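*Asks:* Provided below: entry-v4.cif, containing mmCIF, C-alpha atoms.
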```
data_data
loop_
_atom_site.label_atom_id
_atom_site.label_comp_id
_atom_site.auth_asym_id
_atom_site.auth_seq_id
_atom_site.Cartn_x
_atom_site.Cartn_y
_atom_site.Cartn_z
CA ASP A 501 9.27 11.50 -0.61
CA ALA A 502 9.62 12.52 -4.24
CA LYS A 503 6.51 13.26 -6.28
CA THR A 504 5.70 10.97 -9.19
CA THR A 505 3.75 11.56 -12.38
CA GLN A 506 1.94 8.80 -14.24
CA PRO A 507 -0.51 8.76 -17.15
CA THR A 508 -4.10 8.58 -15.98
CA SER A 509 -4.98 5.55 -18.08
CA MET A 510 -3.57 3.09 -20.59
CA ASP A 511 -4.90 0.24 -22.69
CA CYS A 512 -3.18 -2.97 -23.64
CA ALA A 513 -4.15 -6.01 -25.69
CA GLU A 514 -4.09 -9.34 -23.95
CA GLY A 515 -0.84 -11.20 -24.55
CA ARG A 516 1.08 -8.05 -25.42
CA ALA A 517 3.58 -6.28 -23.23
CA ALA A 518 2.27 -3.43 -21.08
CA ASN A 519 4.76 -0.61 -20.54
CA LEU A 520 3.77 1.77 -17.76
CA PRO A 521 5.87 4.94 -17.45
CA CYS A 522 6.55 7.00 -14.35
CA ASN A 523 8.35 10.32 -13.97
CA HIS A 524 10.12 11.10 -10.71
CA SER A 525 12.44 13.95 -11.67
CA THR A 526 13.04 15.09 -8.05
CA ILE A 527 14.09 11.69 -6.76
CA SER A 528 16.89 11.70 -4.21
CA GLY A 529 19.90 9.43 -4.19
CA ASN A 530 18.61 7.28 -1.35
CA GLU A 531 15.07 6.89 -2.67
CA TYR A 532 13.81 3.69 -4.22
CA VAL A 533 11.16 3.29 -6.91
CA TYR A 534 8.33 0.97 -5.87
CA TRP A 535 5.45 -0.31 -7.94
CA TYR A 536 2.17 -1.53 -6.47
CA ARG A 537 -1.12 -2.32 -8.11
CA GLN A 538 -4.67 -2.45 -6.85
CA ILE A 539 -7.27 -4.61 -8.47
CA HIS A 540 -10.72 -3.22 -7.82
CA SER A 541 -11.29 -2.81 -4.05
CA GLN A 542 -8.65 -5.40 -3.17
CA GLY A 543 -5.61 -4.63 -1.05
CA PRO A 544 -2.72 -3.09 -2.98
CA GLN A 545 -0.24 -5.68 -4.20
CA TYR A 546 3.52 -5.23 -4.22
CA ILE A 547 5.03 -5.78 -7.68
CA ILE A 548 8.67 -4.77 -7.73
CA HIS A 549 11.14 -2.14 -6.58
CA GLY A 550 14.59 -0.88 -7.45
CA LEU A 551 17.20 1.77 -6.76
CA LYS A 552 19.13 2.26 -9.99
CA ASN A 553 19.65 -1.10 -11.64
CA ASN A 554 17.01 -2.76 -13.73
CA GLU A 555 15.10 -5.42 -11.83
CA THR A 556 13.07 -8.43 -12.87
CA ASN A 557 10.91 -10.85 -10.94
CA GLU A 558 8.18 -13.31 -11.77
CA MET A 559 5.62 -10.57 -12.16
CA ALA A 560 7.35 -7.78 -14.01
CA SER A 561 10.47 -5.91 -15.02
CA LEU A 562 11.49 -2.46 -13.85
CA ILE A 563 13.62 -0.26 -16.06
CA ILE A 564 15.11 2.83 -14.40
CA THR A 565 16.83 5.46 -16.55
CA GLU A 566 20.45 6.22 -15.87
CA ASP A 567 19.64 9.64 -14.38
CA ARG A 568 16.90 7.96 -12.29
CA LYS A 569 14.37 10.62 -13.24
CA SER A 570 11.98 8.14 -14.79
CA SER A 571 11.17 4.46 -14.86
CA THR A 572 9.03 1.96 -16.75
CA LEU A 573 7.19 -1.03 -15.38
CA ILE A 574 6.89 -3.81 -17.94
CA LEU A 575 4.34 -6.59 -17.75
CA PRO A 576 5.70 -8.88 -20.46
CA HIS A 577 2.49 -10.74 -21.37
CA ALA A 578 -0.53 -8.89 -20.04
CA THR A 579 -3.63 -10.86 -19.13
CA LEU A 580 -7.16 -9.73 -18.30
CA ARG A 581 -6.31 -10.24 -14.63
CA ASP A 582 -3.68 -7.51 -14.90
CA THR A 583 -6.40 -4.89 -15.27
CA ALA A 584 -5.82 -2.67 -12.23
CA VAL A 585 -4.60 0.71 -10.98
CA TYR A 586 -0.81 0.78 -11.00
CA TYR A 587 0.99 3.04 -8.55
CA CYS A 588 4.56 4.24 -8.87
CA ILE A 589 5.85 5.30 -5.45
CA VAL A 590 9.22 6.75 -4.54
CA ARG A 591 10.42 6.49 -0.97
CA VAL A 592 13.39 6.03 1.27
CA GLU A 593 13.80 2.35 2.06
CA ALA A 594 15.07 2.82 5.57
CA GLY A 595 15.67 5.61 8.00
CA GLY A 596 14.26 9.11 8.05
CA THR A 597 11.11 10.37 9.68
CA SER A 598 8.87 9.04 6.93
CA TYR A 599 10.24 5.55 7.11
CA GLY A 600 7.94 2.92 5.78
CA LYS A 601 4.76 4.66 4.78
CA LEU A 602 3.61 4.53 1.20
CA THR A 603 2.25 7.73 -0.32
CA PHE A 604 -0.19 6.75 -3.05
CA GLY A 605 -0.67 9.39 -5.72
CA GLN A 606 -2.74 9.21 -8.85
CA GLY A 607 -1.85 5.93 -10.48
CA THR A 608 -2.40 4.58 -13.97
CA ILE A 609 -5.57 2.69 -14.72
CA LEU A 610 -4.42 -0.16 -16.98
CA THR A 611 -7.16 -1.87 -18.93
CA VAL A 612 -6.23 -5.10 -20.69
CA HIS A 613 -8.54 -5.94 -23.61
CA PRO A 614 -9.21 -9.40 -25.07
CA ALA B 260 2.06 -18.59 1.91
CA ALA B 261 0.39 -16.90 4.85
CA GLY B 262 -1.00 -13.47 4.18
CA VAL B 263 -2.19 -10.53 6.22
CA ILE B 264 -5.50 -11.23 7.89
CA GLN B 265 -8.03 -8.54 8.67
CA SER B 266 -11.23 -8.83 10.59
CA PRO B 267 -14.01 -8.20 10.22
CA ARG B 268 -14.21 -7.95 6.45
CA HIS B 269 -17.37 -5.89 6.58
CA LEU B 270 -18.71 -3.70 9.36
CA ILE B 271 -21.78 -1.53 9.56
CA LYS B 272 -22.05 1.04 12.31
CA GLU B 273 -24.21 4.02 13.08
CA LYS B 274 -22.98 7.56 13.62
CA ARG B 275 -21.36 8.19 16.98
CA GLU B 276 -20.74 4.48 17.56
CA THR B 277 -17.31 2.91 17.99
CA ALA B 278 -15.56 0.31 15.86
CA THR B 279 -12.51 -1.88 16.28
CA LEU B 280 -10.64 -3.27 13.31
CA LYS B 281 -8.09 -6.04 13.74
CA CYS B 282 -5.02 -6.92 11.72
CA TYR B 283 -2.85 -10.03 11.93
CA PRO B 284 0.43 -9.54 10.07
CA ILE B 285 2.35 -12.13 8.13
CA PRO B 286 4.26 -14.37 10.58
CA ARG B 287 7.62 -12.90 11.60
CA HIS B 288 6.70 -9.46 10.28
CA ASP B 289 7.37 -6.80 12.90
CA THR B 290 5.86 -3.70 11.30
CA VAL B 291 2.21 -2.92 10.72
CA TYR B 292 0.68 -0.07 8.72
CA TRP B 293 -2.89 1.18 8.48
CA TYR B 294 -4.36 2.87 5.42
CA GLN B 295 -7.76 4.37 4.69
CA GLN B 296 -9.29 4.44 1.21
CA GLY B 297 -12.42 6.48 0.73
CA PRO B 298 -14.75 5.91 -2.24
CA GLY B 299 -12.99 6.77 -5.49
CA GLN B 300 -9.83 7.81 -3.66
CA ASP B 301 -6.31 6.48 -3.34
CA PRO B 302 -5.19 4.79 -0.12
CA GLN B 303 -4.03 7.24 2.55
CA PHE B 304 -1.57 6.34 5.28
CA LEU B 305 -2.92 6.56 8.82
CA ILE B 306 -0.36 5.15 11.24
CA SER B 307 2.33 2.51 11.62
CA PHE B 308 3.94 0.47 14.37
CA TYR B 309 7.28 -1.23 14.72
CA GLU B 310 7.94 -3.61 17.58
CA LYS B 311 4.80 -2.40 19.39
CA MET B 312 5.87 1.26 19.23
CA GLN B 313 4.28 3.87 16.99
CA SER B 314 6.78 4.58 14.23
CA ASP B 315 4.97 7.06 12.00
CA LYS B 316 1.72 8.95 11.91
CA GLY B 317 -0.23 10.28 8.98
CA SER B 318 -3.61 11.91 8.63
CA ILE B 319 -5.27 9.95 11.40
CA PRO B 320 -8.13 11.72 13.18
CA ASP B 321 -7.86 12.23 16.93
CA ARG B 322 -10.97 10.05 17.25
CA PHE B 323 -8.90 7.10 16.04
CA SER B 324 -6.29 5.25 18.02
CA ALA B 325 -4.27 2.16 17.33
CA GLN B 326 -1.81 -0.14 18.98
CA GLN B 327 0.31 -3.16 18.28
CA PHE B 328 0.33 -6.03 20.72
CA SER B 329 3.04 -8.42 21.88
CA ASP B 330 2.00 -11.00 19.27
CA TYR B 331 2.39 -8.22 16.64
CA HIS B 332 -1.27 -8.04 15.76
CA SER B 333 -2.71 -4.55 15.64
CA GLU B 334 -6.07 -2.96 16.34
CA LEU B 335 -7.48 0.29 15.02
CA ASN B 336 -10.05 1.80 17.35
CA MET B 337 -12.44 4.35 15.94
CA SER B 338 -14.80 6.34 18.13
CA SER B 339 -17.58 8.87 17.49
CA LEU B 340 -17.93 7.54 13.98
CA GLU B 341 -18.93 9.96 11.26
CA LEU B 342 -20.44 9.34 7.84
CA GLY B 343 -17.13 10.36 6.30
CA ASP B 344 -15.38 7.48 8.02
CA SER B 345 -17.06 5.09 5.60
CA ALA B 346 -14.15 3.60 3.71
CA LEU B 347 -11.97 0.61 3.09
CA TYR B 348 -9.35 0.17 5.78
CA PHE B 349 -6.26 -1.75 4.81
CA CYS B 350 -3.59 -3.15 7.02
CA ALA B 351 -0.15 -3.98 5.67
CA SER B 352 2.89 -5.62 7.19
CA SER B 353 6.60 -5.78 6.53
CA SER B 354 9.74 -6.93 8.27
CA ARG B 355 12.29 -4.32 9.17
CA ARG B 356 14.29 -6.91 11.06
CA GLN B 357 14.62 -9.04 7.95
CA ALA B 358 15.19 -5.97 5.78
CA THR B 359 12.24 -6.79 3.55
CA TYR B 360 10.69 -3.36 3.26
CA GLU B 361 8.00 -4.10 0.73
CA GLN B 362 4.58 -4.02 2.32
CA TYR B 363 2.05 -6.79 1.99
CA PHE B 364 -1.56 -5.76 2.27
CA GLY B 365 -4.55 -7.52 3.71
CA PRO B 366 -7.93 -7.76 1.97
CA GLY B 367 -9.29 -4.80 3.89
CA THR B 368 -12.23 -4.05 6.13
CA ARG B 369 -15.13 -2.22 4.54
CA LEU B 370 -16.65 0.10 7.12
CA THR B 371 -20.02 1.62 6.43
CA VAL B 372 -21.32 4.30 8.78
CA THR B 373 -25.03 5.04 8.54
#
```
Show the structure stored in the file as structure tokens.
*Replies:*
Amino acid sequence: DAKTTQPTSMDCAEGRAANLPCNHSTISGNEYVYWYRQIHSQGPQYIIHGLKNNETNEMASLIITEDRKSSTLILPHATLRDTAVYYCIVRVEAGGTSYGKLTFGQGTILTVHP
Amino acid sequence: AAGVIQSPRHLIKEKRETATLKCYPIPRHDTVYWYQQGPGQDPQFLISFYEKMQSDKGSIPDRFSAQQFSDYHSELNMSSLELGDSALYFCASSSRRQATYEQYFGPGTRLTVT
């Protein structure tokens, strides 16, 4: 699976949009970008994933650059409960010997301030 | 909606003892994953099962074994426990059959080895 690079930490004011970047310059054509978050000591929570088109769900939006070498997770109206570690993970969705497993690297600690 | 259930939530064992952690996946999910998260670390993949067969293996010690049963629940058996095994153990599930590859995590089991 491709390696990802994220900032170690970010701050955001409550009610503002939080934009979390991720670099994955070695991503392969069949690899998806997944975002998970982990609120302190809880199980990681799936947020969103995409291949090359921008995606949006009830939690967030995912913007993937045209060359697919980077992406941005957008939380449109951050709340205090969004304070967590956010992980950007790139992996093949199906097939291959590493099917399924998530490789968590250093994520971004997002702190939302009142 | 039903979530992944893990039991017990907390477990205290002494060195050289054995421990069994249980995971009940989301109904109709056919794939189970186990992750270990040491203090201050990111989750690390241990092992996964699809349709009761081991599908992938990560950095799981030989002292650990796991299996998935006919009702799709899974158990992680840990023997000759060491102090370094103290960690959060997460189980996650997904459905390959339904092509929903995002993983949903349980609340975790906190194992403390004294």
*Asks:* Give me the residues near range 272-276 of chain B as a PyMOL selection string, where near means some atom within 7 Å (using all atoms listed in the file) and where sequence neighbours in that chain fewer than 2 positions away do not count.
*Replies:* chain B and resi 270+278+338-342+371-373
*Asks:* Expressed in Å to a single decimal, how great is the separation between CA of Gly600 in chain A and CA of Ala351 in chain B?
*Replies:* 10.6 Å
*Asks:* Chain B near chain A within 9 Å: what's each residue's closest atom pair and its distance in Å to one decimal, counting only C-alpha atoms, ordered by chain then ascending residue number, as CSV?
*Replies:*
```
residue,atom,partner,partner_atom,distance
B:Thr290,CA,A:Gly600,CA,8.9
B:Tyr292,CA,A:Lys601,CA,7.4
B:Gln300,CA,A:Gln606,CA,8.9
B:Asp301,CA,A:Phe604,CA,6.1
B:Pro302,CA,A:Phe604,CA,6.1
B:Gln303,CA,A:Phe604,CA,6.8
B:Phe304,CA,A:Lys601,CA,6.6
B:Leu305,CA,A:Lys601,CA,8.9
B:Ile306,CA,A:Lys601,CA,8.3
B:Ser307,CA,A:Lys601,CA,7.6
B:Ser314,CA,A:Tyr599,CA,8.0
B:Asp315,CA,A:Ser598,CA,6.7
B:Lys316,CA,A:Ser598,CA,8.7
B:Gly317,CA,A:Lys601,CA,8.6
B:Leu347,CA,A:Ser541,CA,7.9
B:Phe349,CA,A:Gly543,CA,6.6
B:Cys350,CA,A:Gly543,CA,8.4
B:Ala351,CA,A:Gly543,CA,8.7
B:Ser353,CA,A:Gly600,CA,8.8
B:Arg355,CA,A:Ala594,CA,8.5
B:Ala358,CA,A:Ala594,CA,8.8
B:Tyr360,CA,A:Glu593,CA,6.6
B:Glu361,CA,A:Tyr546,CA,6.8
B:Gln362,CA,A:Tyr546,CA,6.7
B:Tyr363,CA,A:Tyr546,CA,6.6
B:Phe364,CA,A:Gly543,CA,5.4
B:Gly365,CA,A:Gly543,CA,5.7
B:Pro366,CA,A:Gly543,CA,4.9
B:Gly367,CA,A:Gly543,CA,6.2
```
*Asks:* What's the 10 Å shell around Ile609 in chain A, counting all atoms listed in the file, without same-chain residues fewer than 3 positions away, as a PDB file with C-alpha atoms, in the frame of the given file?
*Replies:*
```pdb
ATOM      1  CA  GLN A 506       1.940   8.800 -14.240  1.00  0.00           C
ATOM      2  CA  PRO A 507      -0.510   8.760 -17.150  1.00  0.00           C
ATOM      3  CA  THR A 508      -4.100   8.580 -15.980  1.00  0.00           C
ATOM      4  CA  SER A 509      -4.980   5.550 -18.080  1.00  0.00           C
ATOM      5  CA  MET A 510      -3.570   3.090 -20.590  1.00  0.00           C
ATOM      6  CA  ASP A 511      -4.900   0.240 -22.690  1.00  0.00           C
ATOM      7  CA  LEU A 520       3.770   1.770 -17.760  1.00  0.00           C
ATOM      8  CA  ARG A 537      -1.120  -2.320  -8.110  1.00  0.00           C
ATOM      9  CA  GLN A 538      -4.670  -2.450  -6.850  1.00  0.00           C
ATOM     10  CA  ILE A 539      -7.270  -4.610  -8.470  1.00  0.00           C
ATOM     11  CA  THR A 583      -6.400  -4.890 -15.270  1.00  0.00           C
ATOM     12  CA  ALA A 584      -5.820  -2.670 -12.230  1.00  0.00           C
ATOM     13  CA  VAL A 585      -4.600   0.710 -10.980  1.00  0.00           C
ATOM     14  CA  TYR A 586      -0.810   0.780 -11.000  1.00  0.00           C
ATOM     15  CA  TYR A 587       0.990   3.040  -8.550  1.00  0.00           C
ATOM     16  CA  GLN A 606      -2.740   9.210  -8.850  1.00  0.00           C
ATOM     17  CA  VAL A 612      -6.230  -5.100 -20.690  1.00  0.00           C
TER      18      VAL A 612
END
```
*Asks:* When you draw a straight line from CA of Arg581 in chain A to CA of Pro521 in chain A, how long is it in Å?
*Replies:*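 For CA of Arg581 in chain A relative to CA of Pro521 in chain A, the distance reads 19.7 Å.
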*Asks:* Report the distance between CA of Ala518 in chain A and CA of Ala261 in chain B in Å, rounded to one decimal place.
*Replies:*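 Atom-to-atom, CA of Ala518 in chain A and CA of Ala261 in chain B are spaced 29.3 Å apart.
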*Asks:* Of the candidates B:Gly297, B:Thr277, B:Ser354, B:Tyr309, which shows the shortest atom-to-atom distance to Ser324 in chain B, using only C-alpha atoms?
*Replies:*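 Between B:Gly297, B:Thr277, B:Ser354, B:Tyr309, the residue approaching Ser324 in chain B most closely is B:Thr277.
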*Asks:* For Pro286 in chain B, find every residue with an atom within 9 Å (counting only C-alpha atoms), except residues of its own chain fewer than 2 positions away, and show them as an MDAnalysis selection string.
*Replies:* chainID B and resid 261:263 283:284 288:289 331
*Asks:* Starting from the incomplete input, reconstruct N, CA and C atoms of range 545-573 of chain A and report them as a compact mmCIF listing (two decimals), in the coordinates of the input.
*Replies:*
```
# COMPACT_ATOMS: atom_id res chain seq x y z
N GLN A 545 -1.15 -4.55 -4.06
CA GLN A 545 -0.24 -5.68 -4.20
C GLN A 545 1.13 -5.18 -4.62
N TYR A 546 2.14 -5.58 -3.88
CA TYR A 546 3.52 -5.23 -4.22
C TYR A 546 3.90 -5.93 -5.53
N ILE A 547 4.58 -5.18 -6.42
CA ILE A 547 5.03 -5.78 -7.68
C ILE A 547 6.55 -5.90 -7.70
N ILE A 548 7.23 -4.77 -7.56
CA ILE A 548 8.67 -4.77 -7.73
C ILE A 548 9.23 -3.44 -7.21
N HIS A 549 10.51 -3.40 -6.92
CA HIS A 549 11.14 -2.14 -6.58
C HIS A 549 12.60 -2.16 -6.98
N GLY A 550 13.19 -0.97 -7.08
CA GLY A 550 14.59 -0.88 -7.45
C GLY A 550 15.18 0.46 -7.09
N LEU A 551 16.50 0.53 -7.08
CA LEU A 551 17.20 1.77 -6.76
C LEU A 551 17.76 2.41 -8.03
N LYS A 552 18.60 1.70 -8.75
CA LYS A 552 19.13 2.26 -9.99
C LYS A 552 19.37 1.20 -11.05
N ASN A 553 19.50 -0.04 -10.65
CA ASN A 553 19.65 -1.10 -11.64
C ASN A 553 18.29 -1.62 -12.08
N ASN A 554 18.24 -2.15 -13.27
CA ASN A 554 17.01 -2.76 -13.73
C ASN A 554 16.75 -4.02 -12.90
N GLU A 555 15.48 -4.28 -12.65
CA GLU A 555 15.10 -5.42 -11.83
C GLU A 555 14.05 -6.25 -12.55
N THR A 556 14.06 -7.53 -12.29
CA THR A 556 13.07 -8.43 -12.87
C THR A 556 12.67 -9.46 -11.83
N ASN A 557 11.38 -9.73 -11.76
CA ASN A 557 10.91 -10.85 -10.94
C ASN A 557 9.84 -11.60 -11.73
N GLU A 558 9.14 -12.48 -11.06
CA GLU A 558 8.18 -13.31 -11.77
C GLU A 558 6.98 -12.53 -12.28
N MET A 559 6.78 -11.35 -11.75
CA MET A 559 5.62 -10.57 -12.16
C MET A 559 5.95 -9.56 -13.26
N ALA A 560 7.10 -8.91 -13.14
CA ALA A 560 7.35 -7.78 -14.01
C ALA A 560 8.84 -7.45 -14.08
N SER A 561 9.14 -6.48 -14.95
CA SER A 561 10.47 -5.91 -15.02
C SER A 561 10.38 -4.42 -14.75
N LEU A 562 11.42 -3.89 -14.15
CA LEU A 562 11.49 -2.46 -13.85
C LEU A 562 12.74 -1.91 -14.51
N ILE A 563 12.52 -0.91 -15.38
CA ILE A 563 13.62 -0.26 -16.06
C ILE A 563 13.73 1.16 -15.52
N ILE A 564 14.88 1.50 -14.96
CA ILE A 564 15.11 2.83 -14.40
C ILE A 564 16.16 3.52 -15.27
N THR A 565 15.88 4.74 -15.70
CA THR A 565 16.83 5.46 -16.55
C THR A 565 18.11 5.76 -15.76
N GLU A 566 19.16 6.02 -16.50
CA GLU A 566 20.45 6.22 -15.87
C GLU A 566 20.44 7.41 -14.91
N ASP A 567 19.73 8.47 -15.26
CA ASP A 567 19.64 9.64 -14.38
C ASP A 567 18.59 9.45 -13.28
N ARG A 568 17.90 8.34 -13.30
CA ARG A 568 16.90 7.96 -12.29
C ARG A 568 15.69 8.89 -12.24
N LYS A 569 15.50 9.69 -13.26
CA LYS A 569 14.37 10.62 -13.24
C LYS A 569 13.10 10.00 -13.78
N SER A 570 13.18 8.82 -14.33
CA SER A 570 11.98 8.14 -14.79
C SER A 570 12.20 6.64 -14.79
N SER A 571 11.09 5.92 -14.85
CA SER A 571 11.17 4.46 -14.86
C SER A 571 9.99 3.90 -15.65
N THR A 572 10.10 2.64 -16.03
CA THR A 572 9.03 1.96 -16.75
C THR A 572 8.81 0.59 -16.15
N LEU A 573 7.57 0.31 -15.83
CA LEU A 573 7.19 -1.03 -15.38
C LEU A 573 6.72 -1.81 -16.61
```
